[in-house]
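Since the structure comes first, as structure tokens, the remarks are kept for the end.
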2 protein chains.
Amino acid sequence: MSSLTARKAKILKSIVEDYINQAEPISSSDIKDRHLPEISSATIRNELAALEEMGYLYQPHTSSGRIPTKEAYKLYVEKLMPRKKLSKAELNLIKSHFNQQMLQLKDVLKKTAKVISEVTNYTSLAFVNDISEAVIENIKIVKLQSKTALVIVVTNLGVLKDAIVNLEEEMDDSYFDAVSKLSLQVFGGKKIAQVMKPNKIINTALKGYQKIFDAIIDIIKKYYERVGVEDFVLEGASKLLEQPEYSNVQQAKSIIAMLEAKEQLLPALKTTDNVELNIRIGKDERYQSLPECAIVTANYIVNGKNIGQAGVVGPIRMDYSKVVSVLDYIGKTINDSIQNRINIFIDEKQK
Amino acid sequence: MSSLTARKAKILKSIVEDYINQAEPISSSDIKDRHLPEISSATIRNELAALEEMGYLYQPHTSSGRIPTKEAYKLYVEKLMPRKKLSKAELNLIKSHFNQQMLQLKDVLKKTAKVISEVTNYTSLAFVNDISEAVIENIKIVKLQSKTALVIVVTNLGVLKDAIVNLEEEMDDSYFDAVSKLSLQVFGGKKIAQVMKPNKIINTALKGYQKIFDAIIDIIKKYYERVGVEDFVLEGASKLLEQPEYSNVQQAKSIIAMLEAKEQLLPALKTTDNVELNIRIGKDERYQSLPECAIVTANYIVNGKNIGQAGVVGPIRMDYSKVVSVLDYIGKTINDSIQNRINIFIDEKQK
DNA sequence: TATTAGCAATCAAAGCCAAAGAGTGCTAAG
DNA sequence: CTTAGCACTCTTTGGCTTTGATTGCTAATA
């Protein structure tokens with residue numbers, strides 16, 4: 001078996017890039033015409049046969065051009081891919097979107113997904129990563145109506161504020177003040193993961209507050225279970241259908257169904273490892289029912305905090321170079337131009 | 001031109017229902033076999049010709065069976081359609097979903113959309129109606145971090161609590177208490193619409209609170225603009241692709257794109273009129289770029305409050321009878337089994 | 001007058017076949 | 001190692017025929 005010479009690499013790169021654009025098998029003469037006019041198509045055919053032997057190419061049938069295999073895409077992403085410069089127009093589009101004020105983590109997710117989809121023309125997704133490591137910084141319980149209170153939990157990653165607690169009897173403001181103070185004493189500085197461990201906190205002297213404390217713990221648990229599933233944004237789903245790969249409605253359906261089944265999709269996407277870029281090409285081994293597709297996501301970090309992932313879903317024949325450049329630039333933009341605007345991310349120690 | 005005799009009506013009803021199931025043109029002998037064995041297909045053909053003349057049927061080509069026109073569907077919905085009984089299994093499925101506790105308006109939307117999609121097998125949507133008539137009942141401003149506060153606005157339709165306000169300098173709790181009290185005095189009892197009118201409230205003696213008041217008004221305005229667009233839930237989009245109507249990827253794409261463009265879609269869906277059921281068959285005249293589809297939504301009312309709409313999107317050949325039954329029953333279920341659980345809907349006068 | 005059997009006419013869908021065209025692999029020569 | 005030449009393979013396309021479903025019309029019937 002031969003090795004990957006410089007010329008083979010160039011040919012392979014040409015095929016991957018041309019196939020990304022054309023979505024049709026690439027012939028030896030295509031390569032000659034567009035990339036290697038100085039050598040003959042016959043020579044290229046010899047190289048192609050070798051590359052096929054090495055597992056980087058295949059033919060749908062004997063008398064057709066070549067298509068890159070998944071291995072070819074992996075090699076392309078790791079070794080061959082250039083870093084594309086984004087155009088002025090693209091840079092400006094991205095910047096202008098993030099110049100607007102955003103106060104909420106979810107706003108950032110939505111905006112990010114929207115921008116990614118617009119610039120790449122792929123379906124995009126964004127979601128928050130695991131929050132069990134988030135540290136509770138503040139807790140307030142606010143009376144809303146006679147028997148209803150809102151529980152607000154501030155962590156170093158954001159504010160949980162989707163929690164309404166129902167009381168059996170009416171309480172006055174001083175009661176809620178007391179509970180707020182006590183909660184902060186009990187939960188302050190703890191990680192979400194710690195709070196969720198059953199029956200660990202009850203040893204404190206809680207007197208008559210047992211019930212509302214159980215409710216608060218319950219709220220945190222529920223929030224933990226839902227975050228991610230709730231805060232999962234999908235943008236431009238219809239763009240999937242522009243791809244010739246999904247011109248068969250069956251395939252289109254299976255991939256859209258996959259994106260809708262967040263509960264199953266998210267565990268496969270959430271990564272604890274701290275890599276910047278996740279490129280998943282082809283079926284995920286763990287979820288064999290997934291349709292053929294590629295998912296490229298970047299971990300977004302603001303002020304040193306990993307706030308989540310955002311990226312694109314598309315056919316395996318994806319413009320990785322462009323996508324990676326866009327994700328990269330958006331990551332920088334988020335960090336540069338937003339960190340001072342999003343107060344919920346700022347991690348000032350409160351004491 | 002002949003009139004719609006009982007037999008013509010029966011034939012038309014048969015065609016509509018059979019076509020809903022089969023998705024293929026219905027022939028005269030189909031009708032004879034399945035619905036009118038006592039008369040000949042030739043007679044039926046005569047009737048068909050008359051129904052076509054009347055605008056209720058058409059043929060894709062001369063030698064094919066008949067397909068109902070939009071007018072036929074309209075007539076079917078208004079006059080011919082039976083009220084289907086839901087099966088025990090379906091009733092139980094719906095009930096069991098709504099037995100769970102739901103604390104948030106958005107939870108109800110999501111659950112409703114999910115149930116509708118599951119039971120009808122169509123793509124479903126749910127959203128809240130206009131909130132400009134909501135009356136402000138309570139306002140609290142809660143300090144979260146040194147320069148960050150959360151604004152909570154309780155209305156008779158729910159709680160707005162997605163609003164974080166940034167301050168220029170650090171304030172202590174008493175400041176926020178004062179602002180909360182003052183806000184309640186100024187805004188309490190007012191409708192959202194009134195608050196949004198520019199410069200109407202500034203005549204009160206606000207002393208040093210001008211800035212934070214502007215911020216609060218701004219938050220309410222922003223919330224008003226976003227509500228609906230934010231609280232728009234779509235469920236089971238992939239089910240659209242099961243419909244033979246959308247086996248052509250172009251059509252599928254255009255309809256999914258329509259559902260994604262919430263900003264354009266919602267104004268067409270939101271109705272101020274107080275009808276229970278909205279059935280939109282075919283293109284909406286106002287939005288001619290919309291693809292061919294039918295949208296059926298019901299207004300959902302809890303404790304006498306119109307909280308929003310929910311329904312399905314699908315091909316014009318839609319099982320209206322089933323859909324209407326399901327929407328109807330879900331409406332009842334929401335009102336019956338949830339009103340006592342969702343505190344945010346309860347409209348107890350606070351004074 | 002309404003119904004119906006009979007039948008020719010129509011048209012989409014399916015199958016078939018031949019021709020065209022794109023692209024390869026192999027061989028032999030440079 | 002490269003390349004021209006050429007036979008071979010296989011898809012795609014277009015045209016043609018056949019099949020089958022369904023209709024509309026006519027004339028006979030109740």
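Labeling convention for the structure tokens: chains A, B, ... as they appear, residues from 1 per chain, ligands from 1 in order of appearance.
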Tell me the residues of chain B close to chain A, meaning within 7 Å using only C-alpha atoms, as a PyMOL selection string. chain B and resi 103+144+148+154+164+238+241+247+249+253+256-257+343
Assign secondary structure with DSSP using the backbone only, and return the residues of stretch 20-217 of chain A in alpha helix (DSSP H) as an NGL selection string. :A and (20-22 or 28-34 or 41-53 or 70-75 or 88-99 or 105-120 or 173-187 or 192-196 or 210-217)
At most 8 Å to chain C: residues in chain B, only C-alpha atoms (C1' of nucleotides), as a list in words: Ser40, Ala42, Thr43, His61, Thr62 and Ser63 of chain B
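Every chain D residue lying within 10 Å of chain A, based on only C-alpha atoms (C1' of nucleotides), is listed here: D:DC1, D:DT2, D:DT3, D:DA4, D:DC8, D:DT9, D:DC10, D:DT11.
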Separation of atom C1' of D:DG14 from atom CA of A:Pro25, in Å and rounded to one decimal: 23.9 Å
Members of stretch 144-295 of chain B assigned strand (DSSP E or B) by DSSP, as a PyMOL selection string: chain B and resi 144-145+148-155+158-166+191+232-235+277-281+294-295
Filtering to N, CA, C and O atoms, could you give me those residues as a short mmCIF file (atom, residue, chain, number, x, y, z; two decimals), in the first residue's frame?
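Result file follows (again.cif):
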```cif
data_model
loop_
_atom_site.label_atom_id
_atom_site.label_comp_id
_atom_site.auth_asym_id
_atom_site.auth_seq_id
_atom_site.Cartn_x
_atom_site.Cartn_y
_atom_site.Cartn_z
N LEU B 144 -30.23 41.20 41.98
CA LEU B 144 -29.59 39.91 41.76
C LEU B 144 -28.12 39.96 42.09
O LEU B 144 -27.59 39.13 42.81
N GLN B 145 -27.46 40.92 41.49
CA GLN B 145 -26.04 41.10 41.71
C GLN B 145 -25.83 42.58 41.97
O GLN B 145 -26.78 43.35 41.99
N THR B 148 -27.20 44.47 38.95
CA THR B 148 -28.18 43.80 38.12
C THR B 148 -29.45 43.55 38.93
O THR B 148 -29.37 43.13 40.08
N ALA B 149 -30.57 43.80 38.31
CA ALA B 149 -31.83 43.53 38.98
C ALA B 149 -32.78 42.84 38.03
O ALA B 149 -32.69 43.00 36.81
N LEU B 150 -33.67 42.04 38.60
CA LEU B 150 -34.67 41.34 37.80
C LEU B 150 -36.01 42.04 38.00
O LEU B 150 -36.41 42.31 39.13
N VAL B 151 -36.66 42.33 36.91
CA VAL B 151 -37.97 42.97 36.98
C VAL B 151 -39.03 41.91 36.77
O VAL B 151 -39.00 41.19 35.78
N ILE B 152 -39.94 41.81 37.70
CA ILE B 152 -41.01 40.82 37.59
C ILE B 152 -42.33 41.56 37.49
O ILE B 152 -42.65 42.38 38.36
N VAL B 153 -43.06 41.30 36.44
CA VAL B 153 -44.35 41.94 36.27
C VAL B 153 -45.43 40.87 36.28
O VAL B 153 -45.40 39.96 35.44
N VAL B 154 -46.33 40.95 37.22
CA VAL B 154 -47.42 39.98 37.28
C VAL B 154 -48.65 40.61 36.63
O VAL B 154 -49.07 41.70 37.02
N THR B 155 -49.19 39.93 35.64
CA THR B 155 -50.43 40.40 35.04
C THR B 155 -51.50 39.35 35.26
O THR B 155 -51.20 38.25 35.74
N GLY B 158 -50.48 36.24 33.34
CA GLY B 158 -49.25 35.50 33.58
C GLY B 158 -48.18 36.41 34.11
O GLY B 158 -48.42 37.58 34.39
N VAL B 159 -47.01 35.85 34.23
CA VAL B 159 -45.90 36.58 34.82
C VAL B 159 -44.87 36.88 33.74
O VAL B 159 -44.43 35.98 33.04
N LEU B 160 -44.52 38.15 33.59
CA LEU B 160 -43.38 38.47 32.74
C LEU B 160 -42.16 38.48 33.65
O LEU B 160 -42.12 39.21 34.62
N LYS B 161 -41.18 37.67 33.32
CA LYS B 161 -40.05 37.62 34.25
C LYS B 161 -38.75 37.36 33.52
O LYS B 161 -37.81 36.81 34.04
N ASP B 162 -38.74 37.76 32.28
CA ASP B 162 -37.53 37.57 31.49
C ASP B 162 -36.74 38.85 31.37
O ASP B 162 -36.05 39.07 30.41
N ALA B 163 -36.86 39.71 32.34
CA ALA B 163 -36.32 41.03 32.15
C ALA B 163 -35.27 41.36 33.19
O ALA B 163 -35.56 41.45 34.38
N ILE B 164 -34.07 41.53 32.72
CA ILE B 164 -33.00 41.91 33.63
C ILE B 164 -32.61 43.34 33.32
O ILE B 164 -32.50 43.74 32.16
N VAL B 165 -32.47 44.13 34.35
CA VAL B 165 -32.13 45.53 34.14
C VAL B 165 -30.74 45.79 34.71
O VAL B 165 -30.36 45.25 35.75
N ASN B 166 -30.00 46.57 33.96
CA ASN B 166 -28.63 46.89 34.38
C ASN B 166 -28.58 48.29 34.96
O ASN B 166 -29.11 49.23 34.38
N LYS B 191 -53.37 48.60 31.95
CA LYS B 191 -53.17 47.61 30.91
C LYS B 191 -51.79 47.80 30.27
O LYS B 191 -51.27 48.91 30.23
N PHE B 232 -43.82 30.75 20.75
CA PHE B 232 -44.43 30.04 19.64
C PHE B 232 -43.82 28.66 19.61
O PHE B 232 -42.61 28.52 19.48
N VAL B 233 -44.65 27.66 19.76
CA VAL B 233 -44.14 26.30 19.85
C VAL B 233 -44.58 25.50 18.63
O VAL B 233 -45.74 25.56 18.23
N LEU B 234 -43.65 24.82 18.07
CA LEU B 234 -43.94 23.98 16.91
C LEU B 234 -43.54 22.56 17.28
O LEU B 234 -42.48 22.34 17.84
N GLU B 235 -44.39 21.63 16.97
CA GLU B 235 -44.09 20.26 17.37
C GLU B 235 -44.37 19.31 16.21
O GLU B 235 -45.36 19.45 15.50
N LEU B 277 -63.01 28.48 16.86
CA LEU B 277 -62.23 27.65 15.96
C LEU B 277 -61.85 28.46 14.72
O LEU B 277 -62.70 29.12 14.13
N ASN B 278 -60.60 28.41 14.34
CA ASN B 278 -60.18 29.06 13.10
C ASN B 278 -59.76 27.99 12.12
O ASN B 278 -58.84 27.22 12.39
N ILE B 279 -60.42 27.96 10.99
CA ILE B 279 -60.02 27.00 9.97
C ILE B 279 -59.62 27.78 8.73
O ILE B 279 -60.44 28.46 8.12
N ARG B 280 -58.37 27.71 8.40
CA ARG B 280 -57.86 28.41 7.22
C ARG B 280 -57.50 27.38 6.18
O ARG B 280 -56.58 26.59 6.38
N ILE B 281 -58.25 27.38 5.10
CA ILE B 281 -58.01 26.38 4.06
C ILE B 281 -57.41 27.07 2.86
O ILE B 281 -57.99 27.99 2.32
N ALA B 294 -53.41 23.85 5.06
CA ALA B 294 -54.55 24.19 5.91
C ALA B 294 -54.04 24.35 7.33
O ALA B 294 -53.17 23.62 7.77
N ILE B 295 -54.58 25.34 8.01
CA ILE B 295 -54.21 25.56 9.40
C ILE B 295 -55.50 25.61 10.22
O ILE B 295 -56.39 26.40 9.91
#
```
May I ask for the distance between atom CA of A:Tyr224 and atom CA of B:Val302, given in Å to one decimal place?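 Those two atoms sit 29.0 Å apart.
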So how many Å separate atom CA of B:Ala193 and atom CA of B:Glu133, to one decimal?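 Atom-to-atom, atom CA of B:Ala193 and atom CA of B:Glu133 are spaced 6.4 Å apart.
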If we count only C-alpha atoms (C1' of nucleotides) and set the cut-off at 12 Å, which residues sit around B:Ala50, ignoring sequence neighbours fewer than 2 positions away in its own chain? Please answer as a CSV table (one decimal) with N, CA and C atoms, in the first residue's frame.
```csv
chain,number,residue,atom,x,y,z
B,1,MET,N,-78.2,25.5,-13.2
B,1,MET,CA,-77.3,24.8,-12.2
B,1,MET,C,-78.2,24.1,-11.1
B,2,SER,N,-77.9,22.9,-10.9
B,2,SER,CA,-78.7,22.1,-10.0
B,2,SER,C,-78.3,22.4,-8.5
B,3,SER,N,-79.2,22.0,-7.6
B,3,SER,CA,-79.0,22.2,-6.2
B,3,SER,C,-78.4,21.0,-5.5
B,4,LEU,N,-77.9,21.2,-4.3
B,4,LEU,CA,-77.2,20.1,-3.6
B,4,LEU,C,-78.3,19.2,-2.9
B,5,THR,N,-78.7,18.2,-3.7
B,5,THR,CA,-79.6,17.2,-3.1
B,5,THR,C,-79.0,16.4,-2.0
B,7,ARG,N,-78.6,13.3,-2.0
B,7,ARG,CA,-77.7,12.3,-2.5
B,7,ARG,C,-76.3,12.9,-2.9
B,8,LYS,N,-76.4,14.1,-3.6
B,8,LYS,CA,-75.2,14.8,-3.9
B,8,LYS,C,-74.4,15.0,-2.7
B,9,ALA,N,-75.0,15.4,-1.6
B,9,ALA,CA,-74.3,15.7,-0.4
B,9,ALA,C,-73.6,14.5,0.1
B,11,ILE,N,-72.7,11.9,-1.6
B,11,ILE,CA,-71.6,11.6,-2.5
B,11,ILE,C,-70.4,12.5,-2.2
B,12,LEU,N,-70.7,13.8,-2.1
B,12,LEU,CA,-69.6,14.7,-1.8
B,12,LEU,C,-68.9,14.4,-0.5
B,43,THR,N,-74.8,6.4,-12.8
B,43,THR,CA,-75.6,7.5,-12.1
B,43,THR,C,-74.7,8.4,-11.3
B,44,ILE,N,-73.8,7.7,-10.6
B,44,ILE,CA,-72.9,8.5,-9.8
B,44,ILE,C,-72.1,9.4,-10.6
B,45,ARG,N,-71.7,8.9,-11.8
B,45,ARG,CA,-70.9,9.8,-12.7
B,45,ARG,C,-71.7,11.0,-13.1
B,46,ASN,N,-73.0,10.8,-13.3
B,46,ASN,CA,-73.9,12.0,-13.6
B,46,ASN,C,-73.8,13.0,-12.5
B,47,GLU,N,-74.0,12.5,-11.2
B,47,GLU,CA,-73.9,13.4,-10.1
B,47,GLU,C,-72.6,14.0,-10.0
B,48,LEU,N,-71.5,13.3,-10.3
B,48,LEU,CA,-70.2,13.8,-10.2
B,48,LEU,C,-70.0,15.0,-11.1
B,52,GLU,N,-69.1,18.7,-10.1
B,52,GLU,CA,-68.0,19.4,-10.7
B,52,GLU,C,-68.4,20.8,-11.2
B,53,GLU,N,-69.6,20.7,-11.9
B,53,GLU,CA,-70.2,22.0,-12.4
B,53,GLU,C,-70.4,23.0,-11.3
B,54,MET,N,-70.8,22.5,-10.1
B,54,MET,CA,-71.0,23.4,-9.0
B,54,MET,C,-69.8,23.9,-8.3
B,55,GLY,N,-68.6,23.3,-8.7
B,55,GLY,CA,-67.4,23.8,-8.1
B,55,GLY,C,-66.9,23.1,-7.0
B,56,TYR,N,-67.4,21.9,-6.7
B,56,TYR,CA,-66.9,21.1,-5.5
B,56,TYR,C,-65.9,20.1,-5.9
B,57,LEU,N,-65.8,19.8,-7.1
B,57,LEU,CA,-64.8,18.7,-7.5
B,57,LEU,C,-64.0,19.1,-8.7
B,58,TYR,N,-62.9,18.5,-8.9
B,58,TYR,CA,-62.2,18.7,-10.1
B,58,TYR,C,-61.4,17.4,-10.4
```
